[in-house]
Each structure stands twice: as structure tokens, then as C-alpha cells.
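What follows is run-v1.txt (compact mmCIF, C-alpha atoms).
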# COMPACT_ATOMS: atom_id res chain seq x y z
CA MET A 1044 19.52 -7.99 -4.67
CA LYS A 1045 17.12 -5.07 -4.86
CA LYS A 1046 16.61 -1.90 -2.87
CA ALA A 1047 13.09 -1.03 -1.75
CA ILE A 1048 11.46 2.12 -0.39
CA ILE A 1049 8.35 1.78 1.75
CA PHE A 1050 5.85 4.41 2.86
CA GLY A 1051 3.28 3.52 5.51
CA ALA A 1052 5.55 1.09 7.37
CA THR A 1053 3.85 1.76 10.72
CA GLY A 1054 0.37 1.05 9.36
CA PHE A 1055 -1.55 -2.21 9.49
CA VAL A 1056 -0.59 -3.46 6.02
CA GLY A 1057 2.69 -1.55 5.94
CA SER A 1058 4.08 -3.11 9.11
CA TYR A 1059 3.57 -6.60 7.68
CA LEU A 1060 5.00 -5.45 4.37
CA MET A 1061 8.16 -4.08 5.93
CA SER A 1062 8.70 -7.41 7.70
CA GLU A 1063 8.18 -9.30 4.44
CA LEU A 1064 10.74 -7.16 2.62
CA LEU A 1065 13.32 -7.26 5.40
CA ASN A 1066 13.09 -11.03 5.63
CA SER A 1067 13.27 -11.58 1.88
CA SER A 1068 16.56 -12.62 0.31
CA ASP A 1069 15.58 -10.57 -2.75
CA TYR A 1070 16.26 -7.28 -0.94
CA ALA A 1071 19.59 -5.85 0.18
CA ARG A 1072 18.16 -2.66 1.67
CA VAL A 1073 14.74 -1.42 2.76
CA THR A 1074 14.28 2.31 3.30
CA ALA A 1075 11.27 3.13 5.46
CA VAL A 1076 10.03 6.72 5.50
CA VAL A 1077 8.26 7.31 8.82
CA ARG A 1078 7.26 10.22 11.04
CA LYS A 1079 9.16 8.97 14.08
CA LYS A 1080 11.88 6.47 14.92
CA LEU A 1081 10.86 2.83 14.62
CA SER A 1082 11.05 0.48 17.59
CA ILE A 1083 12.77 -2.22 15.53
CA SER A 1084 16.26 -2.55 14.11
CA HIS A 1085 17.50 -4.70 11.25
CA PRO A 1086 20.77 -4.76 9.30
CA LYS A 1087 18.86 -4.12 6.06
CA LEU A 1088 16.70 -1.31 7.45
CA ASN A 1089 17.38 2.32 6.63
CA THR A 1090 15.00 4.62 8.52
CA VAL A 1091 14.28 8.09 7.17
CA ILE A 1092 12.31 10.48 9.39
CA GLY A 1093 9.96 12.66 7.39
CA ASP A 1094 6.44 13.35 6.16
CA TYR A 1095 4.64 14.97 3.25
CA HIS A 1096 5.89 18.44 4.11
CA SER A 1097 9.57 17.48 4.42
CA LEU A 1098 9.70 14.94 1.59
CA ARG A 1099 11.35 17.21 -0.98
CA ALA A 1100 14.27 17.80 1.37
CA LEU A 1101 14.76 14.03 1.68
CA GLU A 1102 15.09 13.27 -2.04
CA ALA A 1103 18.70 12.11 -1.70
CA ASP A 1104 17.58 9.31 0.64
CA LEU A 1105 14.84 8.03 -1.67
CA SER A 1106 16.75 5.95 -4.16
CA GLY A 1107 15.75 2.36 -4.82
CA ASP A 1108 14.58 -0.11 -7.42
CA GLU A 1109 11.01 -0.33 -6.12
CA ILE A 1110 8.64 1.82 -4.09
CA PHE A 1111 5.85 0.33 -1.97
CA LEU A 1112 2.99 2.65 -0.95
CA ALA A 1113 0.77 1.53 1.92
CA LEU A 1114 -0.18 5.02 3.07
CA GLY A 1115 -3.68 5.80 4.27
CA THR A 1116 -5.76 7.40 6.96
CA THR A 1117 -9.31 7.22 8.28
CA ARG A 1118 -12.08 9.77 8.56
CA LYS A 1119 -11.72 9.47 12.35
CA ASN A 1120 -8.04 10.43 12.27
CA SER A 1121 -8.44 12.94 9.44
CA PRO A 1122 -12.02 14.31 9.58
CA ASP A 1123 -11.02 17.28 7.42
CA LYS A 1124 -11.28 16.33 3.74
CA THR A 1125 -8.25 18.41 2.79
CA THR A 1126 -6.03 16.56 5.27
CA TYR A 1127 -7.51 13.22 4.26
CA TYR A 1128 -6.81 13.90 0.58
CA GLN A 1129 -3.27 14.99 1.36
CA VAL A 1130 -2.50 11.68 3.10
CA ASP A 1131 -4.35 9.40 0.68
CA HIS A 1132 -3.54 11.16 -2.59
CA ASP A 1133 -0.92 13.91 -2.45
CA TYR A 1134 1.60 12.08 -0.28
CA PRO A 1135 1.76 8.80 -2.24
CA VAL A 1136 1.80 10.61 -5.58
CA LEU A 1137 4.65 12.90 -4.49
CA ALA A 1138 6.57 9.96 -3.04
CA ALA A 1139 6.20 8.05 -6.30
CA GLN A 1140 7.29 11.09 -8.33
CA ILE A 1141 10.47 11.48 -6.30
CA ALA A 1142 11.27 7.75 -6.27
CA LYS A 1143 10.89 7.53 -10.05
CA ALA A 1144 13.15 10.54 -10.54
CA ARG A 1145 15.69 8.79 -8.30
CA GLY A 1146 15.65 5.63 -10.42
CA ALA A 1147 12.79 3.42 -9.20
CA LYS A 1148 11.43 1.17 -11.95
CA SER A 1149 8.42 -0.34 -10.15
CA VAL A 1150 5.65 0.96 -7.90
CA PHE A 1151 3.30 -1.08 -5.68
CA LEU A 1152 0.23 0.74 -4.38
CA VAL A 1153 -2.58 -0.21 -1.97
CA THR A 1154 -5.93 1.42 -2.77
CA ALA A 1155 -9.40 -0.11 -2.41
CA VAL A 1156 -11.93 -2.18 -4.30
CA GLY A 1157 -14.07 0.00 -6.57
CA ALA A 1158 -11.50 2.82 -6.80
CA ASN A 1159 -12.83 5.24 -9.43
CA PRO A 1160 -11.70 8.81 -10.14
CA HIS A 1161 -15.20 9.64 -11.43
CA SER A 1162 -17.12 8.40 -8.38
CA HIS A 1163 -19.39 10.73 -6.41
CA ILE A 1164 -18.18 9.04 -3.20
CA PHE A 1165 -15.21 10.96 -1.78
CA TYR A 1166 -13.31 7.91 -0.47
CA VAL A 1167 -13.68 5.92 -3.69
CA ARG A 1168 -12.88 8.95 -5.84
CA THR A 1169 -9.73 9.75 -3.84
CA LYS A 1170 -8.43 6.21 -4.26
CA GLY A 1171 -9.23 6.34 -7.97
CA GLU A 1172 -7.46 9.67 -8.45
CA THR A 1173 -4.41 8.32 -6.65
CA GLU A 1174 -4.33 5.32 -8.99
CA ARG A 1175 -4.81 7.54 -12.03
CA ASP A 1176 -2.02 9.93 -11.11
CA ILE A 1177 0.48 7.21 -10.22
CA ILE A 1178 -0.26 5.31 -13.42
CA ALA A 1179 0.39 8.57 -15.30
CA LEU A 1180 3.94 8.65 -13.88
CA ASP A 1181 4.69 5.82 -16.31
CA PHE A 1182 6.81 3.47 -14.21
CA GLU A 1183 8.10 0.41 -16.02
CA TYR A 1184 5.82 -1.64 -13.76
CA THR A 1185 2.79 -0.47 -11.78
CA HIS A 1186 1.06 -2.93 -9.45
CA ILE A 1187 -2.18 -1.82 -7.77
CA PHE A 1188 -3.80 -3.76 -4.93
CA ARG A 1189 -7.52 -3.26 -4.31
CA PRO A 1190 -8.62 -4.99 -1.11
CA SER A 1191 -12.17 -4.83 0.19
CA MET A 1192 -12.51 -5.46 3.94
CA ILE A 1193 -9.05 -5.73 5.51
CA THR A 1194 -9.16 -8.21 8.38
CA GLY A 1195 -6.77 -9.22 11.14
CA ASN A 1196 -5.81 -8.05 14.62
CA ARG A 1197 -5.08 -4.34 14.81
CA LYS A 1198 -3.36 -2.55 17.68
CA GLU A 1199 -5.82 0.28 17.26
CA LYS A 1200 -9.31 -0.60 18.47
CA ARG A 1201 -12.04 0.10 15.90
CA PRO A 1202 -15.39 -1.16 17.28
CA LEU A 1203 -17.37 -0.37 14.13
CA GLU A 1204 -14.79 -2.01 11.91
CA GLY A 1205 -14.79 -5.04 14.18
CA LEU A 1206 -18.54 -5.32 13.67
CA MET A 1207 -18.14 -5.04 9.91
CA ILE A 1208 -15.43 -7.72 9.89
CA GLY A 1209 -17.84 -10.02 11.72
CA ILE A 1210 -20.51 -9.38 9.11
CA TRP A 1211 -18.00 -9.89 6.29
CA SER A 1212 -16.89 -13.26 7.66
CA ALA A 1213 -20.51 -14.40 7.50
CA ILE A 1214 -21.09 -13.28 3.91
CA ASP A 1215 -17.66 -14.21 2.50
CA PRO A 1216 -18.77 -17.72 1.45
CA ILE A 1217 -21.50 -16.33 -0.83
CA LEU A 1218 -19.16 -13.88 -2.56
CA VAL A 1219 -18.30 -15.98 -5.60
CA GLY A 1220 -17.55 -15.32 -9.24
CA LYS A 1221 -17.09 -11.63 -10.01
CA ALA A 1222 -18.29 -10.80 -6.50
CA ASP A 1223 -15.26 -12.48 -4.91
CA ARG A 1224 -13.36 -9.19 -5.20
CA TYR A 1225 -15.38 -8.06 -2.17
CA ARG A 1226 -14.13 -10.87 0.06
CA GLY A 1227 -12.17 -9.94 3.16
CA ILE A 1228 -8.41 -10.38 3.22
CA THR A 1229 -5.92 -10.03 6.06
CA GLY A 1230 -3.37 -7.24 6.18
CA GLN A 1231 -0.66 -9.88 6.31
CA ASP A 1232 -1.87 -11.53 3.11
CA ILE A 1233 -1.98 -8.19 1.29
CA ALA A 1234 1.63 -7.64 2.33
CA LYS A 1235 2.66 -11.12 1.15
CA ALA A 1236 0.90 -10.57 -2.16
CA MET A 1237 2.72 -7.27 -2.67
CA LYS A 1238 6.11 -8.80 -1.97
CA ASN A 1239 5.40 -11.87 -4.10
CA SER A 1240 4.14 -9.75 -6.99
CA ALA A 1241 7.57 -8.12 -7.24
CA ILE A 1242 8.91 -11.51 -8.36
CA HIS A 1243 6.51 -11.58 -11.34
CA LEU A 1244 7.05 -8.30 -13.17
CA SER A 1245 5.62 -9.00 -16.61
CA GLN A 1246 2.83 -6.57 -17.53
CA LYS A 1247 3.30 -2.81 -17.34
CA LEU A 1248 0.08 -2.38 -15.33
CA THR A 1249 -1.43 -5.07 -13.10
CA ILE A 1250 -4.45 -4.65 -10.83
CA TYR A 1251 -5.07 -7.18 -8.06
CA HIS A 1252 -8.38 -7.91 -6.38
CA TRP A 1253 -9.04 -10.62 -3.79
CA ARG A 1254 -8.66 -13.55 -6.18
CA GLU A 1255 -5.36 -12.38 -7.65
CA MET A 1256 -3.93 -11.50 -4.22
CA ASN A 1257 -5.05 -14.83 -2.81
CA ASN A 1258 -3.39 -16.66 -5.71
CA LEU A 1259 -0.13 -14.82 -5.07
CA VAL A 1260 -0.19 -15.83 -1.42
CA ARG A 1261 -1.39 -19.42 -1.81
CA GLY A 1262 0.29 -20.19 -5.13

Show how you would write the structure in this file as C-alpha cells.
Amino acid sequence: MKKAIIFGATGFVGSYLMSELLNSSDYARVTAVVRKKLSISHPKLNTVIGDYHSLRALEADLSGDEIFLALGTTRKNSPDKTTYYQVDHDYPVLAAQIAKARGAKSVFLVTAVGANPHSHIFYVRTKGETERDIIALDFEYTHIFRPSMITGNRKEKRPLEGLMIGIWSAIDPILVGKADRYRGITGQDIAKAMKNSAIHLSQKLTIYHWREMNNLVRG
């Protein structure tokens, strides 16, 4: 049975992911690094209170076989680009560095469709730079998940995102062939795909778009 470390466990994808890992017979322990105490308890769950600034002091708690990174913010919550970059790039890269030094063999990272370190678009470039720098850490296995529109019921109300999800549901049927990577996918399905992908560790680097994630969930 494996030991997992998860960052972003209180987020939309991360909360589903933590549940998937805790309820999986493949895992003996799940360490969740969060900013405040979780409202749930589980015999497998090890909660570590910390953030980007305190992470170095928590190195002793960050040992595991696999690290799952579902960290992320929004421009609304982090309007300053420096803060946004710290959450979306610096934090996951530092977490991965520490976990690898502590023995982790595999990393699972959520980014976004179109991630490109050379893009002129800040959001897309940040995701691409995060991918690039985590790949450079040279884990035995690196799995990158690139969703497009993430659907499902959020606790946080996002009117504009709700509108976009409605539009996406209308255009999803015409997104076929290579365009199917832009199809919407629920946060729960992303989490299931991440957990299921850990069962199939074959290639050193694997990138998942909608089709590959959907196959992991449905297959």
C-alpha cells in the first residue's frame, strides 16, 4: 500500500481527489498539506498545516511514494500577478522538489489545456512554466492533466464561470477529433482520472487531455 501527499485538498478538484485517495485500498496514508484544519477525519488522513512560506520547515512531514498537485487560484482571489504566480507556479514546484528529495517517485499535476511556457498569455504561460519545471525535476513518473472547462457544483459562486459552463455544455457535442481536448469535464472525473492513472505507471511522462481522462474514468 502506498503513501500519498496531496496539495490543494480544499479546492474543487483537490477535495474530490482527497476522497478518492482516502477511499482507495491502494493507499495506506494520505498526507494533506492545507492552510487550516480540515473539517473531516479519516484513519488514513494525516493533516499538515502549512503554506508556501512555511513549506521548508515541514520537510520531515512530506514523505510519500506519490505527490498529487491540485493547487491553483483565480485572478479574482489573486489579482496581483506576483501572488498568482506564487500559487500556480512556485508553490507546486517547491512542493514537488521537497517530495522528490524525500523519496517520492511519481508526481501528478493539474494544469490546463494549451499550457505553454512560451505563450504571450499570462495564465497559459504560467501553467506551461509549471509543467516545464516539474518535468525538469525528473521524477520516475510524471503525469500531467490538462482540463479545459472544469464543470460541476462548486461551493463558491462564480456567475461568469456558470455562464461559460452553460455555453460549453451547448458546444461540447461539436468538439470532436483533435478538438475534443476542449470538452468540459467535472472536477470529480479529473480526480478519478488522477487516482486511476496511478495504477498505470508505464511511461516516464504522460499528458492527459479530455479523451485520455475520460478513458481512465470510463474504462

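Atom pair CA of Arg1254 in chain A / CA of Gly1220 in chain A: separated by 9.6 Å.
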
Against range 1050-1060 of chain A, which residues of range 1225-1253 of chain A fall within 6 Å? For each one I want the closest pair of atoms and the distance in Å (one decimal), counting only C-alpha atoms, rows by chain and increasing residue number, as CSV.
residue,atom,partner,partner_atom,distance
A:Gly1230,CA,A:Val1056,CA,4.7
A:Gln1231,CA,A:Tyr1059,CA,5.5
A:Ala1234,CA,A:Leu1060,CA,4.5

What is the CA of Arg1072 in chain A to CA of Asn1089 in chain A distance in Å?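 Calculated distance between CA of Arg1072 in chain A and CA of Asn1089 in chain A is 7.1 Å.
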
Check the smallest atom-to-atom distance from each of A:Gly1227, A:Pro1086, A:Gly1157, A:Gly1262 to Gly1195 in chain A using all atoms listed in the file, then report the winner.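 Selected residue with least distance to Gly1195 in chain A: A:Gly1227.
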
When you count only C-alpha atoms, which of these residues is closest to Lys1045 in chain A: A:His1163, A:Lys1087, A:Arg1189, A:Arg1099?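 Checking each candidate against Lys1045 in chain A, we get A:Lys1087 as the closest.
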
Report, in Å with one decimal, the straight-line distance from CA of Arg1078 in chain A to CA of Ile1141 in chain A. 17.7 Å

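For the set A:Ala1179, A:Asn1159, A:Ile1110, A:Ile1242, the residue with the smallest atom-to-atom gap to Ser1068 in chain A is A:Ile1242, counting all atoms listed in the file.
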
Identify which of the residues A:Ile1214, A:Val1077, A:Ile1083, A:Leu1180 lies closest to Tyr1095 in chain A, counting all atoms listed in the file when measuring atom-to-atom distances. A:Val1077

Which residue of A:Val1167, A:Ala1100, A:Ile1217, A:Ala1147 approaches Tyr1128 in chain A most closely, using all atoms listed in the file: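 Once distances to Tyr1128 in chain A are computed over all atoms listed in the file, the minimum belongs to A:Val1167.
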
Return the single residue from A:Leu1244, A:Lys1235, A:Leu1112, A:Ile1228 that is closest to Asn1066 in chain A, with distances computed using only C-alpha atoms. A:Lys1235

So that I can see what lies close to Lys1124 in chain A, please list as a PyMOL selection string the residues with an atom at most 10 Å from it, counting only C-alpha atoms and leaving out residues fewer than 4 positions away in the same chain. chain A and resi 1118+1128-1130+1165-1166

Residues at most 12 Å from Met1237 in chain A, counting only C-alpha atoms, excluding those fewer than 2 positions away in the same chain, as a ChimeraX atom specification? /A:1049,1056-1057,1059-1064,1109-1113,1149-1153,1185-1190,1230-1235,1239-1244,1249-1252,1255-1260

Restricted to C-alpha atoms, what would the selected residues look like written as an mmCIF file, keeping the file's coordinate frame?
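Output file out.cif follows:
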data_model
loop_
_atom_site.group_PDB
_atom_site.id
_atom_site.type_symbol
_atom_site.label_atom_id
_atom_site.label_comp_id
_atom_site.auth_asym_id
_atom_site.auth_seq_id
_atom_site.Cartn_x
_atom_site.Cartn_y
_atom_site.Cartn_z
ATOM 1 C CA ILE A 1049 8.350 1.780 1.750
ATOM 2 C CA VAL A 1056 -0.590 -3.460 6.020
ATOM 3 C CA GLY A 1057 2.690 -1.550 5.940
ATOM 4 C CA TYR A 1059 3.570 -6.600 7.680
ATOM 5 C CA LEU A 1060 5.000 -5.450 4.370
ATOM 6 C CA MET A 1061 8.160 -4.080 5.930
ATOM 7 C CA SER A 1062 8.700 -7.410 7.700
ATOM 8 C CA GLU A 1063 8.180 -9.300 4.440
ATOM 9 C CA LEU A 1064 10.740 -7.160 2.620
ATOM 10 C CA GLU A 1109 11.010 -0.330 -6.120
ATOM 11 C CA ILE A 1110 8.640 1.820 -4.090
ATOM 12 C CA PHE A 1111 5.850 0.330 -1.970
ATOM 13 C CA LEU A 1112 2.990 2.650 -0.950
ATOM 14 C CA ALA A 1113 0.770 1.530 1.920
ATOM 15 C CA SER A 1149 8.420 -0.340 -10.150
ATOM 16 C CA VAL A 1150 5.650 0.960 -7.900
ATOM 17 C CA PHE A 1151 3.300 -1.080 -5.680
ATOM 18 C CA LEU A 1152 0.230 0.740 -4.380
ATOM 19 C CA VAL A 1153 -2.580 -0.210 -1.970
ATOM 20 C CA THR A 1185 2.790 -0.470 -11.780
ATOM 21 C CA HIS A 1186 1.060 -2.930 -9.450
ATOM 22 C CA ILE A 1187 -2.180 -1.820 -7.770
ATOM 23 C CA PHE A 1188 -3.800 -3.760 -4.930
ATOM 24 C CA ARG A 1189 -7.520 -3.260 -4.310
ATOM 25 C CA PRO A 1190 -8.620 -4.990 -1.110
ATOM 26 C CA GLY A 1230 -3.370 -7.240 6.180
ATOM 27 C CA GLN A 1231 -0.660 -9.880 6.310
ATOM 28 C CA ASP A 1232 -1.870 -11.530 3.110
ATOM 29 C CA ILE A 1233 -1.980 -8.190 1.290
ATOM 30 C CA ALA A 1234 1.630 -7.640 2.330
ATOM 31 C CA LYS A 1235 2.660 -11.120 1.150
ATOM 32 C CA ASN A 1239 5.400 -11.870 -4.100
ATOM 33 C CA SER A 1240 4.140 -9.750 -6.990
ATOM 34 C CA ALA A 1241 7.570 -8.120 -7.240
ATOM 35 C CA ILE A 1242 8.910 -11.510 -8.360
ATOM 36 C CA HIS A 1243 6.510 -11.580 -11.340
ATOM 37 C CA LEU A 1244 7.050 -8.300 -13.170
ATOM 38 C CA THR A 1249 -1.430 -5.070 -13.100
ATOM 39 C CA ILE A 1250 -4.450 -4.650 -10.830
ATOM 40 C CA TYR A 1251 -5.070 -7.180 -8.060
ATOM 41 C CA HIS A 1252 -8.380 -7.910 -6.380
ATOM 42 C CA GLU A 1255 -5.360 -12.380 -7.650
ATOM 43 C CA MET A 1256 -3.930 -11.500 -4.220
ATOM 44 C CA ASN A 1257 -5.050 -14.830 -2.810
ATOM 45 C CA ASN A 1258 -3.390 -16.660 -5.710
ATOM 46 C CA LEU A 1259 -0.130 -14.820 -5.070
ATOM 47 C CA VAL A 1260 -0.190 -15.830 -1.420
#
